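Shown here: upload.cif, mmCIF, N, CA and C atoms.
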data_structure
loop_
_atom_site.label_atom_id
_atom_site.label_comp_id
_atom_site.auth_asym_id
_atom_site.auth_seq_id
_atom_site.Cartn_x
_atom_site.Cartn_y
_atom_site.Cartn_z
N MET W 20 -38.97 62.62 3.32
CA MET W 20 -39.86 61.95 2.41
C MET W 20 -40.83 62.96 1.81
N THR W 21 -41.17 62.70 0.59
CA THR W 21 -42.15 63.53 -0.08
C THR W 21 -43.23 62.64 -0.66
N ALA W 22 -44.42 63.18 -0.72
CA ALA W 22 -45.54 62.43 -1.30
C ALA W 22 -45.90 63.07 -2.63
N ARG W 23 -46.23 62.22 -3.58
CA ARG W 23 -46.67 62.71 -4.88
C ARG W 23 -47.65 61.70 -5.44
N LYS W 24 -48.34 62.10 -6.48
CA LYS W 24 -49.25 61.18 -7.16
C LYS W 24 -48.53 60.55 -8.34
N SER W 25 -48.71 59.26 -8.50
CA SER W 25 -48.14 58.57 -9.65
C SER W 25 -49.02 58.83 -10.87
N SER W 26 -48.58 58.35 -12.01
CA SER W 26 -49.35 58.53 -13.24
C SER W 26 -50.72 57.84 -13.16
N SER W 27 -50.84 56.85 -12.27
CA SER W 27 -52.12 56.16 -12.11
C SER W 27 -53.02 56.87 -11.10
N GLY W 28 -52.51 57.96 -10.51
CA GLY W 28 -53.30 58.72 -9.56
C GLY W 28 -53.13 58.26 -8.11
N ARG W 29 -52.32 57.26 -7.88
CA ARG W 29 -52.09 56.77 -6.50
C ARG W 29 -51.02 57.61 -5.83
N HIS W 30 -51.13 57.76 -4.52
CA HIS W 30 -50.12 58.49 -3.76
C HIS W 30 -48.90 57.60 -3.58
N VAL W 31 -47.73 58.18 -3.87
CA VAL W 31 -46.46 57.47 -3.76
C VAL W 31 -45.57 58.28 -2.84
N THR W 32 -44.92 57.61 -1.90
CA THR W 32 -43.98 58.28 -1.00
C THR W 32 -42.57 58.02 -1.49
N GLU W 33 -41.82 59.08 -1.69
CA GLU W 33 -40.44 58.97 -2.14
C GLU W 33 -39.51 59.34 -0.99
N ARG W 34 -38.44 58.60 -0.88
CA ARG W 34 -37.41 58.93 0.12
C ARG W 34 -36.34 59.78 -0.52
N ARG W 35 -36.03 60.88 0.11
CA ARG W 35 -34.92 61.70 -0.34
C ARG W 35 -33.65 61.11 0.24
N PRO W 36 -32.55 61.20 -0.49
CA PRO W 36 -31.29 60.67 0.05
C PRO W 36 -30.90 61.42 1.32
N TYR W 37 -30.36 60.69 2.27
CA TYR W 37 -29.92 61.29 3.53
C TYR W 37 -28.73 62.20 3.28
N VAL W 38 -28.77 63.39 3.82
CA VAL W 38 -27.67 64.35 3.71
C VAL W 38 -27.20 64.66 5.13
N MET W 39 -25.96 64.26 5.42
CA MET W 39 -25.41 64.49 6.75
C MET W 39 -25.13 65.98 6.94
N SER W 40 -25.57 66.53 8.05
CA SER W 40 -25.31 67.93 8.35
C SER W 40 -23.87 68.10 8.84
N GLU W 41 -23.40 69.33 8.82
CA GLU W 41 -22.06 69.62 9.33
C GLU W 41 -21.97 69.30 10.81
N ALA W 42 -23.05 69.57 11.56
CA ALA W 42 -23.06 69.28 13.00
C ALA W 42 -22.95 67.77 13.25
N GLU W 43 -23.64 66.97 12.45
CA GLU W 43 -23.54 65.51 12.59
C GLU W 43 -22.14 65.03 12.24
N LEU W 44 -21.58 65.57 11.18
CA LEU W 44 -20.22 65.21 10.79
C LEU W 44 -19.25 65.56 11.92
N GLN W 45 -19.40 66.74 12.47
CA GLN W 45 -18.52 67.19 13.55
C GLN W 45 -18.60 66.23 14.73
N ALA W 46 -19.80 65.88 15.16
CA ALA W 46 -19.97 64.98 16.30
C ALA W 46 -19.30 63.63 16.03
N GLN W 47 -19.44 63.12 14.83
CA GLN W 47 -18.85 61.82 14.51
C GLN W 47 -17.33 61.90 14.40
N VAL W 48 -16.80 63.00 13.87
CA VAL W 48 -15.35 63.15 13.80
C VAL W 48 -14.77 63.28 15.19
N ILE W 49 -15.41 64.04 16.07
CA ILE W 49 -14.93 64.19 17.45
C ILE W 49 -14.94 62.84 18.16
N GLU W 50 -15.99 62.07 17.97
CA GLU W 50 -16.07 60.76 18.60
C GLU W 50 -14.97 59.83 18.07
N LEU W 51 -14.79 59.82 16.76
CA LEU W 51 -13.74 59.00 16.15
C LEU W 51 -12.37 59.42 16.67
N ALA W 52 -12.10 60.71 16.68
CA ALA W 52 -10.80 61.20 17.14
C ALA W 52 -10.55 60.80 18.59
N ALA W 53 -11.57 60.88 19.42
CA ALA W 53 -11.43 60.50 20.84
C ALA W 53 -11.06 59.02 20.97
N THR W 54 -11.67 58.17 20.15
CA THR W 54 -11.34 56.74 20.23
C THR W 54 -9.90 56.49 19.80
N LEU W 55 -9.33 57.39 19.02
CA LEU W 55 -7.94 57.25 18.56
C LEU W 55 -6.95 58.00 19.45
N GLY W 56 -7.44 58.58 20.56
CA GLY W 56 -6.56 59.24 21.52
C GLY W 56 -6.36 60.72 21.31
N TYR W 57 -7.22 61.36 20.53
CA TYR W 57 -7.10 62.80 20.27
C TYR W 57 -7.97 63.60 21.22
N LEU W 58 -7.45 64.74 21.63
CA LEU W 58 -8.25 65.77 22.28
C LEU W 58 -8.80 66.64 21.15
N SER W 59 -9.96 67.20 21.34
CA SER W 59 -10.52 68.04 20.28
C SER W 59 -11.02 69.35 20.86
N TYR W 60 -10.96 70.37 20.01
CA TYR W 60 -11.47 71.70 20.38
C TYR W 60 -12.32 72.21 19.23
N HIS W 61 -13.46 72.73 19.58
CA HIS W 61 -14.34 73.39 18.62
C HIS W 61 -14.83 74.68 19.26
N THR W 62 -14.71 75.79 18.54
CA THR W 62 -15.21 77.06 19.04
C THR W 62 -16.73 77.01 19.01
N TYR W 63 -17.33 77.09 20.19
CA TYR W 63 -18.77 76.95 20.30
C TYR W 63 -19.52 78.05 19.56
N ASP W 64 -19.09 79.29 19.75
CA ASP W 64 -19.77 80.42 19.12
C ASP W 64 -18.76 81.17 18.26
N SER W 65 -18.69 80.83 16.99
CA SER W 65 -17.66 81.40 16.11
C SER W 65 -17.88 82.87 15.80
N ARG W 66 -19.02 83.42 16.19
CA ARG W 66 -19.27 84.85 15.92
C ARG W 66 -18.28 85.74 16.66
N ARG W 67 -17.68 85.23 17.73
CA ARG W 67 -16.72 86.01 18.51
C ARG W 67 -15.28 85.58 18.23
N SER W 68 -15.07 84.84 17.17
CA SER W 68 -13.74 84.36 16.81
C SER W 68 -13.30 85.00 15.49
N ARG W 69 -12.04 84.80 15.17
CA ARG W 69 -11.52 85.29 13.90
C ARG W 69 -12.23 84.59 12.76
N GLU W 70 -12.54 85.35 11.73
CA GLU W 70 -13.23 84.81 10.57
C GLU W 70 -12.40 83.70 9.92
N GLY W 71 -13.05 82.56 9.67
CA GLY W 71 -12.43 81.48 8.93
C GLY W 71 -11.67 80.47 9.74
N PHE W 72 -11.55 80.66 11.07
CA PHE W 72 -10.79 79.70 11.88
C PHE W 72 -11.40 78.31 11.71
N PRO W 73 -10.57 77.26 11.59
CA PRO W 73 -11.10 75.91 11.33
C PRO W 73 -12.08 75.42 12.39
N ASP W 74 -12.95 74.53 11.97
CA ASP W 74 -13.99 73.98 12.85
C ASP W 74 -13.41 73.17 14.00
N LEU W 75 -12.38 72.39 13.73
CA LEU W 75 -11.82 71.51 14.75
C LEU W 75 -10.31 71.63 14.84
N VAL W 76 -9.81 71.59 16.06
CA VAL W 76 -8.38 71.44 16.33
C VAL W 76 -8.26 70.11 17.06
N LEU W 77 -7.43 69.22 16.53
CA LEU W 77 -7.25 67.89 17.10
C LEU W 77 -5.79 67.71 17.48
N VAL W 78 -5.54 67.29 18.73
CA VAL W 78 -4.18 67.04 19.22
C VAL W 78 -4.16 65.65 19.82
N HIS W 79 -3.24 64.82 19.33
CA HIS W 79 -3.12 63.47 19.89
C HIS W 79 -2.43 63.59 21.24
N GLU W 80 -3.10 63.08 22.26
CA GLU W 80 -2.65 63.28 23.64
C GLU W 80 -1.27 62.68 23.90
N GLU W 81 -0.95 61.58 23.29
CA GLU W 81 0.33 60.91 23.53
C GLU W 81 1.44 61.42 22.61
N SER W 82 1.16 61.50 21.33
CA SER W 82 2.22 61.83 20.37
C SER W 82 2.36 63.32 20.10
N GLY W 83 1.31 64.09 20.38
CA GLY W 83 1.34 65.51 20.08
C GLY W 83 0.98 65.86 18.65
N ALA W 84 0.63 64.85 17.85
CA ALA W 84 0.23 65.12 16.46
C ALA W 84 -0.89 66.16 16.46
N LEU W 85 -0.75 67.17 15.61
CA LEU W 85 -1.72 68.27 15.57
C LEU W 85 -2.34 68.36 14.18
N ALA W 86 -3.65 68.44 14.15
CA ALA W 86 -4.37 68.60 12.90
C ALA W 86 -5.51 69.58 13.11
N VAL W 87 -5.81 70.33 12.06
CA VAL W 87 -7.01 71.17 12.07
C VAL W 87 -7.87 70.71 10.90
N ALA W 88 -9.17 70.86 11.08
CA ALA W 88 -10.09 70.42 10.03
C ALA W 88 -11.22 71.42 9.86
N GLU W 89 -11.47 71.74 8.62
CA GLU W 89 -12.66 72.50 8.24
C GLU W 89 -13.65 71.46 7.75
N LEU W 90 -14.84 71.45 8.32
CA LEU W 90 -15.85 70.46 7.98
C LEU W 90 -16.88 71.08 7.05
N LYS W 91 -17.21 70.34 6.01
CA LYS W 91 -18.16 70.84 5.02
C LYS W 91 -19.11 69.73 4.63
N ARG W 92 -20.33 70.11 4.32
CA ARG W 92 -21.26 69.14 3.75
C ARG W 92 -20.80 68.82 2.34
N ASP W 93 -21.20 67.66 1.83
CA ASP W 93 -20.85 67.29 0.47
C ASP W 93 -21.29 68.40 -0.48
N GLY W 94 -20.42 68.78 -1.38
CA GLY W 94 -20.73 69.82 -2.36
C GLY W 94 -20.35 71.22 -1.93
N GLU W 95 -19.99 71.41 -0.66
CA GLU W 95 -19.58 72.74 -0.18
C GLU W 95 -18.07 72.86 -0.19
N HIS W 96 -17.60 74.11 -0.18
CA HIS W 96 -16.16 74.38 -0.24
C HIS W 96 -15.81 75.46 0.78
N PRO W 97 -14.55 75.48 1.24
CA PRO W 97 -14.13 76.52 2.20
C PRO W 97 -14.20 77.92 1.59
N THR W 98 -14.47 78.88 2.44
CA THR W 98 -14.45 80.29 2.03
C THR W 98 -13.00 80.73 1.89
N PRO W 99 -12.75 81.88 1.25
CA PRO W 99 -11.37 82.38 1.17
C PRO W 99 -10.73 82.56 2.56
N ALA W 100 -11.49 83.03 3.54
CA ALA W 100 -10.94 83.21 4.89
C ALA W 100 -10.58 81.85 5.50
N GLN W 101 -11.40 80.85 5.27
CA GLN W 101 -11.09 79.51 5.78
C GLN W 101 -9.85 78.95 5.08
N GLN W 102 -9.72 79.21 3.78
CA GLN W 102 -8.54 78.75 3.03
C GLN W 102 -7.26 79.37 3.60
N ARG W 103 -7.31 80.64 3.95
CA ARG W 103 -6.12 81.31 4.52
C ARG W 103 -5.65 80.60 5.78
N TRP W 104 -6.59 80.29 6.67
CA TRP W 104 -6.22 79.60 7.92
C TRP W 104 -5.65 78.23 7.63
N LEU W 105 -6.28 77.48 6.72
CA LEU W 105 -5.81 76.13 6.41
C LEU W 105 -4.40 76.16 5.82
N ILE W 106 -4.14 77.10 4.93
CA ILE W 106 -2.82 77.22 4.33
C ILE W 106 -1.78 77.58 5.40
N ALA W 107 -2.13 78.50 6.29
CA ALA W 107 -1.19 78.89 7.35
C ALA W 107 -0.88 77.70 8.27
N PHE W 108 -1.90 76.95 8.68
CA PHE W 108 -1.66 75.79 9.54
C PHE W 108 -0.83 74.74 8.82
N GLU W 109 -1.07 74.56 7.54
CA GLU W 109 -0.41 73.50 6.77
C GLU W 109 1.10 73.72 6.66
N ARG W 110 1.57 74.91 6.92
CA ARG W 110 3.01 75.17 6.83
C ARG W 110 3.79 74.34 7.84
N ARG W 111 3.19 74.05 9.00
CA ARG W 111 3.87 73.30 10.05
C ARG W 111 3.08 72.11 10.58
N HIS W 112 1.82 72.05 10.26
CA HIS W 112 0.95 71.02 10.83
C HIS W 112 0.15 70.36 9.70
N HIS W 113 -0.95 69.79 10.05
CA HIS W 113 -1.79 69.10 9.07
C HIS W 113 -3.15 69.77 9.04
N ALA W 114 -3.59 70.15 7.86
CA ALA W 114 -4.86 70.86 7.70
C ALA W 114 -5.70 70.15 6.66
N TYR W 115 -6.97 70.00 6.96
CA TYR W 115 -7.85 69.22 6.10
C TYR W 115 -9.18 69.92 5.88
N VAL W 116 -9.80 69.59 4.78
CA VAL W 116 -11.22 69.86 4.54
C VAL W 116 -11.86 68.48 4.48
N TRP W 117 -12.72 68.19 5.44
CA TRP W 117 -13.35 66.88 5.51
C TRP W 117 -14.85 67.00 5.27
N LYS W 118 -15.36 66.04 4.53
CA LYS W 118 -16.78 65.97 4.19
C LYS W 118 -17.32 64.60 4.61
N PRO W 119 -18.64 64.44 4.64
CA PRO W 119 -19.20 63.15 5.02
C PRO W 119 -18.64 61.98 4.22
N ALA W 120 -18.36 62.18 2.95
CA ALA W 120 -17.80 61.10 2.13
C ALA W 120 -16.46 60.62 2.68
N HIS W 121 -15.66 61.53 3.24
CA HIS W 121 -14.38 61.16 3.82
C HIS W 121 -14.58 60.29 5.07
N LEU W 122 -15.60 60.59 5.83
CA LEU W 122 -15.90 59.78 7.02
C LEU W 122 -16.39 58.40 6.60
N ARG W 123 -17.33 58.36 5.68
CA ARG W 123 -17.91 57.08 5.23
C ARG W 123 -16.85 56.16 4.62
N SER W 124 -15.90 56.73 3.91
CA SER W 124 -14.88 55.91 3.24
C SER W 124 -13.78 55.41 4.18
N GLY W 125 -13.73 55.96 5.39
CA GLY W 125 -12.66 55.60 6.33
C GLY W 125 -11.42 56.47 6.19
N HIS W 126 -11.46 57.43 5.27
CA HIS W 126 -10.31 58.30 5.03
C HIS W 126 -9.89 59.06 6.29
N ILE W 127 -10.84 59.59 7.03
CA ILE W 127 -10.50 60.39 8.22
C ILE W 127 -9.80 59.51 9.25
N ALA W 128 -10.32 58.34 9.50
CA ALA W 128 -9.71 57.43 10.47
C ALA W 128 -8.29 57.06 10.05
N ARG W 129 -8.12 56.72 8.78
CA ARG W 129 -6.78 56.35 8.29
C ARG W 129 -5.80 57.52 8.42
N GLU W 130 -6.26 58.72 8.12
CA GLU W 130 -5.39 59.89 8.18
C GLU W 130 -4.99 60.20 9.62
N LEU W 131 -5.93 60.13 10.55
CA LEU W 131 -5.60 60.39 11.95
C LEU W 131 -4.63 59.34 12.49
N GLN W 132 -4.80 58.10 12.09
CA GLN W 132 -3.86 57.04 12.50
C GLN W 132 -2.48 57.27 11.89
N ARG W 133 -2.45 57.70 10.63
CA ARG W 133 -1.18 57.98 9.96
C ARG W 133 -0.41 59.09 10.67
N LEU W 134 -1.12 60.13 11.12
CA LEU W 134 -0.47 61.24 11.82
C LEU W 134 0.20 60.78 13.10
N VAL W 135 -0.45 59.88 13.82
CA VAL W 135 0.13 59.36 15.07
C VAL W 135 1.38 58.55 14.76
N ARG W 136 1.31 57.68 13.75
CA ARG W 136 2.49 56.89 13.37
C ARG W 136 3.65 57.80 12.97
N GLN W 137 3.34 58.83 12.17
CA GLN W 137 4.38 59.76 11.72
C GLN W 137 4.98 60.52 12.90
N ALA W 138 4.16 60.95 13.85
CA ALA W 138 4.67 61.68 15.02
C ALA W 138 5.60 60.79 15.84
N HIS W 139 5.25 59.51 15.98
CA HIS W 139 6.12 58.58 16.71
C HIS W 139 7.44 58.39 15.97
N LEU W 140 7.39 58.24 14.65
CA LEU W 140 8.62 58.08 13.87
C LEU W 140 9.49 59.33 13.98
N ASP W 141 8.88 60.51 13.92
CA ASP W 141 9.62 61.75 14.04
C ASP W 141 10.29 61.85 15.42
N ALA W 142 9.60 61.41 16.46
CA ALA W 142 10.14 61.45 17.81
C ALA W 142 11.35 60.53 17.93
N VAL W 143 11.26 59.34 17.35
CA VAL W 143 12.38 58.39 17.39
C VAL W 143 13.58 58.95 16.62
N ALA W 144 13.30 59.63 15.51
CA ALA W 144 14.36 60.21 14.69
C ALA W 144 14.90 61.52 15.26
N GLY W 145 14.29 62.02 16.33
CA GLY W 145 14.74 63.26 16.94
C GLY W 145 14.34 64.51 16.22
N ARG W 146 13.25 64.43 15.44
CA ARG W 146 12.78 65.61 14.70
C ARG W 146 11.74 66.35 15.48
#
Whole structure, structure tokens version:
Amino acid sequence: MTARKSSSGRHVTERRPYVMSEAELQAQVIELAATLGYLSYHTYDSRRSREGFPDLVLVHEESGALAVAELKRDGEHPTPAQQRWLIAFERRHHAYVWKPAHLRSGHIARELQRLVRQAHLDAVAGR
């Protein structure tokens, strides 16, 4: 919130729109994934990891569906190093850039559920 004076000289408090941090997004994605049966991994201190490695690795405990996700605040984009990792993972798995808008819209939940259904279908088909 910010305070300012109106044209009449009175103090007015304005609310700034809420902006979800990457850490908040991460916590909510991990919680959502857990409710859908996924194990999650996040490198706690990325300074000792390879540059650009995705924020989250998600593996569905029953089906084995594997996804990686780079998490960004609205308006942010992956770095070139992050793009390299996402492209490499995408060759055989599922790689995403997720933002708070994706969480709010239900897109992340739908996508994680779709991966589990697809993994089950692939298993039945022997793929």
_the PyMOL selection byres ((chain W and resi 80) around 6.5) applied to the shown file, residues as a PyMOL selection string_ = chain W and resi 56-58+78-79+81-84
*Name the residues that the PyMOL selection byres ((chain W and resi 94-101) around 7) picks from the file above, as a PyMOL selection string, using the file's chain letters and numbers.*
chain W and resi 70-73+91-93+102-106
*helix (DSSP H, G or I) residues, from DSSP on the backbone, in stretch 52-145 of chain W, as a ChimeraX atom specification*: /W:52-54,65-67,99-109,119-124,126-143
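One distance worth recording is that between atom CA of W:Val38 and atom CA of W:Ser65, which is 23.3 Å.
Taking atom C of W:Phe108 and atom N of W:Val87 as endpoints, the distance between them is 7.4 Å.
The set of residues that the PyMOL selection byres ((chain W and resi 88) around 5) takes from this file is Pro73, Asp74, Leu75, Ala86, Val87, Glu89, Leu90 and Tyr115 of chain W.
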Go ahead and find all residues with at least one atom no further than 7 Å from (-14.1, 67.1, 14.8) in the file's coordinates, using only N, CA and C atoms; report them as a tab-separated table (two decimals) with N, CA and C atoms, keeping the file's coordinate frame.
chain	number	residue	atom	x	y	z
W	44	LEU	N	-21.58	65.57	11.18
W	44	LEU	CA	-20.22	65.21	10.79
W	44	LEU	C	-19.25	65.56	11.92
W	45	GLN	N	-19.40	66.74	12.47
W	45	GLN	CA	-18.52	67.19	13.55
W	45	GLN	C	-18.60	66.23	14.73
W	46	ALA	N	-19.80	65.88	15.16
W	46	ALA	CA	-19.97	64.98	16.30
W	46	ALA	C	-19.30	63.63	16.03
W	47	GLN	N	-19.44	63.12	14.83
W	47	GLN	CA	-18.85	61.82	14.51
W	47	GLN	C	-17.33	61.90	14.40
W	48	VAL	N	-16.80	63.00	13.87
W	48	VAL	CA	-15.35	63.15	13.80
W	48	VAL	C	-14.77	63.28	15.19
W	49	ILE	N	-15.41	64.04	16.07
W	49	ILE	CA	-14.93	64.19	17.45
W	49	ILE	C	-14.94	62.84	18.16
W	50	GLU	N	-15.99	62.07	17.97
W	50	GLU	CA	-16.07	60.76	18.60
W	50	GLU	C	-14.97	59.83	18.07
W	52	ALA	N	-12.10	60.71	16.68
W	52	ALA	CA	-10.80	61.20	17.14
W	52	ALA	C	-10.55	60.80	18.59
W	59	SER	N	-9.96	67.20	21.34
W	59	SER	CA	-10.52	68.04	20.28
W	59	SER	C	-11.02	69.35	20.86
W	60	TYR	N	-10.96	70.37	20.01
W	60	TYR	CA	-11.47	71.70	20.38
W	60	TYR	C	-12.32	72.21	19.23
W	74	ASP	N	-12.95	74.53	11.97
W	74	ASP	CA	-13.99	73.98	12.85
W	74	ASP	C	-13.41	73.17	14.00
W	75	LEU	N	-12.38	72.39	13.73
W	75	LEU	CA	-11.82	71.51	14.75
W	75	LEU	C	-10.31	71.63	14.84
W	76	VAL	N	-9.81	71.59	16.06
W	76	VAL	CA	-8.38	71.44	16.33
W	76	VAL	C	-8.26	70.11	17.06
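Atom to atom, atom N of W:His112 and atom C of W:Arg146 stand 12.6 Å apart.
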Enumerate the residues of chain W with a DSSP assignment of strand (DSSP E), computed from the backbone, and present them as a PDB file with N, CA and C atoms, in the coordinates of the input.
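The resulting result.pdb:
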ATOM      1  N   THR W  21     -41.170  62.700   0.590  1.00  0.00           N
ATOM      2  CA  THR W  21     -42.150  63.530  -0.080  1.00  0.00           C
ATOM      3  C   THR W  21     -43.230  62.640  -0.660  1.00  0.00           C
ATOM      4  N   ALA W  22     -44.420  63.180  -0.720  1.00  0.00           N
ATOM      5  CA  ALA W  22     -45.540  62.430  -1.300  1.00  0.00           C
ATOM      6  C   ALA W  22     -45.900  63.070  -2.630  1.00  0.00           C
ATOM      7  N   ARG W  23     -46.230  62.220  -3.580  1.00  0.00           N
ATOM      8  CA  ARG W  23     -46.670  62.710  -4.880  1.00  0.00           C
ATOM      9  C   ARG W  23     -47.650  61.700  -5.440  1.00  0.00           C
ATOM     10  N   LYS W  24     -48.340  62.100  -6.480  1.00  0.00           N
ATOM     11  CA  LYS W  24     -49.250  61.180  -7.160  1.00  0.00           C
ATOM     12  C   LYS W  24     -48.530  60.550  -8.340  1.00  0.00           C
ATOM     13  N   HIS W  30     -51.130  57.760  -4.520  1.00  0.00           N
ATOM     14  CA  HIS W  30     -50.120  58.490  -3.760  1.00  0.00           C
ATOM     15  C   HIS W  30     -48.900  57.600  -3.580  1.00  0.00           C
ATOM     16  N   VAL W  31     -47.730  58.180  -3.870  1.00  0.00           N
ATOM     17  CA  VAL W  31     -46.460  57.470  -3.760  1.00  0.00           C
ATOM     18  C   VAL W  31     -45.570  58.280  -2.840  1.00  0.00           C
ATOM     19  N   THR W  32     -44.920  57.610  -1.900  1.00  0.00           N
ATOM     20  CA  THR W  32     -43.980  58.280  -1.000  1.00  0.00           C
ATOM     21  C   THR W  32     -42.570  58.020  -1.490  1.00  0.00           C
ATOM     22  N   GLU W  33     -41.820  59.080  -1.690  1.00  0.00           N
ATOM     23  CA  GLU W  33     -40.440  58.970  -2.140  1.00  0.00           C
ATOM     24  C   GLU W  33     -39.510  59.340  -0.990  1.00  0.00           C
ATOM     25  N   TYR W  57      -7.220  61.360  20.530  1.00  0.00           N
ATOM     26  CA  TYR W  57      -7.100  62.800  20.270  1.00  0.00           C
ATOM     27  C   TYR W  57      -7.970  63.600  21.220  1.00  0.00           C
ATOM     28  N   LEU W  58      -7.450  64.740  21.630  1.00  0.00           N
ATOM     29  CA  LEU W  58      -8.250  65.770  22.280  1.00  0.00           C
ATOM     30  C   LEU W  58      -8.800  66.640  21.150  1.00  0.00           C
ATOM     31  N   SER W  59      -9.960  67.200  21.340  1.00  0.00           N
ATOM     32  CA  SER W  59     -10.520  68.040  20.280  1.00  0.00           C
ATOM     33  C   SER W  59     -11.020  69.350  20.860  1.00  0.00           C
ATOM     34  N   TYR W  60     -10.960  70.370  20.010  1.00  0.00           N
ATOM     35  CA  TYR W  60     -11.470  71.700  20.380  1.00  0.00           C
ATOM     36  C   TYR W  60     -12.320  72.210  19.230  1.00  0.00           C
ATOM     37  N   LEU W  75     -12.380  72.390  13.730  1.00  0.00           N
ATOM     38  CA  LEU W  75     -11.820  71.510  14.750  1.00  0.00           C
ATOM     39  C   LEU W  75     -10.310  71.630  14.840  1.00  0.00           C
ATOM     40  N   VAL W  76      -9.810  71.590  16.060  1.00  0.00           N
ATOM     41  CA  VAL W  76      -8.380  71.440  16.330  1.00  0.00           C
ATOM     42  C   VAL W  76      -8.260  70.110  17.060  1.00  0.00           C
ATOM     43  N   LEU W  77      -7.430  69.220  16.530  1.00  0.00           N
ATOM     44  CA  LEU W  77      -7.250  67.890  17.100  1.00  0.00           C
ATOM     45  C   LEU W  77      -5.790  67.710  17.480  1.00  0.00           C
ATOM     46  N   VAL W  78      -5.540  67.290  18.730  1.00  0.00           N
ATOM     47  CA  VAL W  78      -4.180  67.040  19.220  1.00  0.00           C
ATOM     48  C   VAL W  78      -4.160  65.650  19.820  1.00  0.00           C
ATOM     49  N   HIS W  79      -3.240  64.820  19.330  1.00  0.00           N
ATOM     50  CA  HIS W  79      -3.120  63.470  19.890  1.00  0.00           C
ATOM     51  C   HIS W  79      -2.430  63.590  21.240  1.00  0.00           C
ATOM     52  N   LEU W  85      -0.750  67.170  15.610  1.00  0.00           N
ATOM     53  CA  LEU W  85      -1.720  68.270  15.570  1.00  0.00           C
ATOM     54  C   LEU W  85      -2.340  68.360  14.180  1.00  0.00           C
ATOM     55  N   ALA W  86      -3.650  68.440  14.150  1.00  0.00           N
ATOM     56  CA  ALA W  86      -4.370  68.600  12.900  1.00  0.00           C
ATOM     57  C   ALA W  86      -5.510  69.580  13.110  1.00  0.00           C
ATOM     58  N   VAL W  87      -5.810  70.330  12.060  1.00  0.00           N
ATOM     59  CA  VAL W  87      -7.010  71.170  12.070  1.00  0.00           C
ATOM     60  C   VAL W  87      -7.870  70.710  10.900  1.00  0.00           C
ATOM     61  N   ALA W  88      -9.170  70.860  11.080  1.00  0.00           N
ATOM     62  CA  ALA W  88     -10.090  70.420  10.030  1.00  0.00           C
ATOM     63  C   ALA W  88     -11.220  71.420   9.860  1.00  0.00           C
ATOM     64  N   GLU W  89     -11.470  71.740   8.620  1.00  0.00           N
ATOM     65  CA  GLU W  89     -12.660  72.500   8.240  1.00  0.00           C
ATOM     66  C   GLU W  89     -13.650  71.460   7.750  1.00  0.00           C
ATOM     67  N   LEU W  90     -14.840  71.450   8.320  1.00  0.00           N
ATOM     68  CA  LEU W  90     -15.850  70.460   7.980  1.00  0.00           C
ATOM     69  C   LEU W  90     -16.880  71.080   7.050  1.00  0.00           C
ATOM     70  N   HIS W 113      -0.950  69.790  10.050  1.00  0.00           N
ATOM     71  CA  HIS W 113      -1.790  69.100   9.070  1.00  0.00           C
ATOM     72  C   HIS W 113      -3.150  69.770   9.040  1.00  0.00           C
ATOM     73  N   ALA W 114      -3.590  70.150   7.860  1.00  0.00           N
ATOM     74  CA  ALA W 114      -4.860  70.860   7.700  1.00  0.00           C
ATOM     75  C   ALA W 114      -5.700  70.150   6.660  1.00  0.00           C
ATOM     76  N   TYR W 115      -6.970  70.000   6.960  1.00  0.00           N
ATOM     77  CA  TYR W 115      -7.850  69.220   6.100  1.00  0.00           C
ATOM     78  C   TYR W 115      -9.180  69.920   5.880  1.00  0.00           C
ATOM     79  N   VAL W 116      -9.800  69.590   4.780  1.00  0.00           N
ATOM     80  CA  VAL W 116     -11.220  69.860   4.540  1.00  0.00           C
ATOM     81  C   VAL W 116     -11.860  68.480   4.480  1.00  0.00           C
ATOM     82  N   TRP W 117     -12.720  68.190   5.440  1.00  0.00           N
ATOM     83  CA  TRP W 117     -13.350  66.880   5.510  1.00  0.00           C
ATOM     84  C   TRP W 117     -14.850  67.000   5.270  1.00  0.00           C
TER      85      TRP W 117
END
*Shortest interatomic distance to W:Ile127 - which of W:Leu51, W:Tyr63, W:Arg111, W:Leu85, counting only N, CA and C atoms*: W:Leu51
Adding 8 Å on each side of the box along x, y and z that holds all listed atoms of stretch 118-130 of chain W, could you give its centre and edge lengths in Å to one decimal, as lines of an AutoDock Vina configuration file?
center_x = -12.1
center_y = 60.7
center_z = 6.3
size_x = 30.2
size_y = 26.6
size_z = 24.3
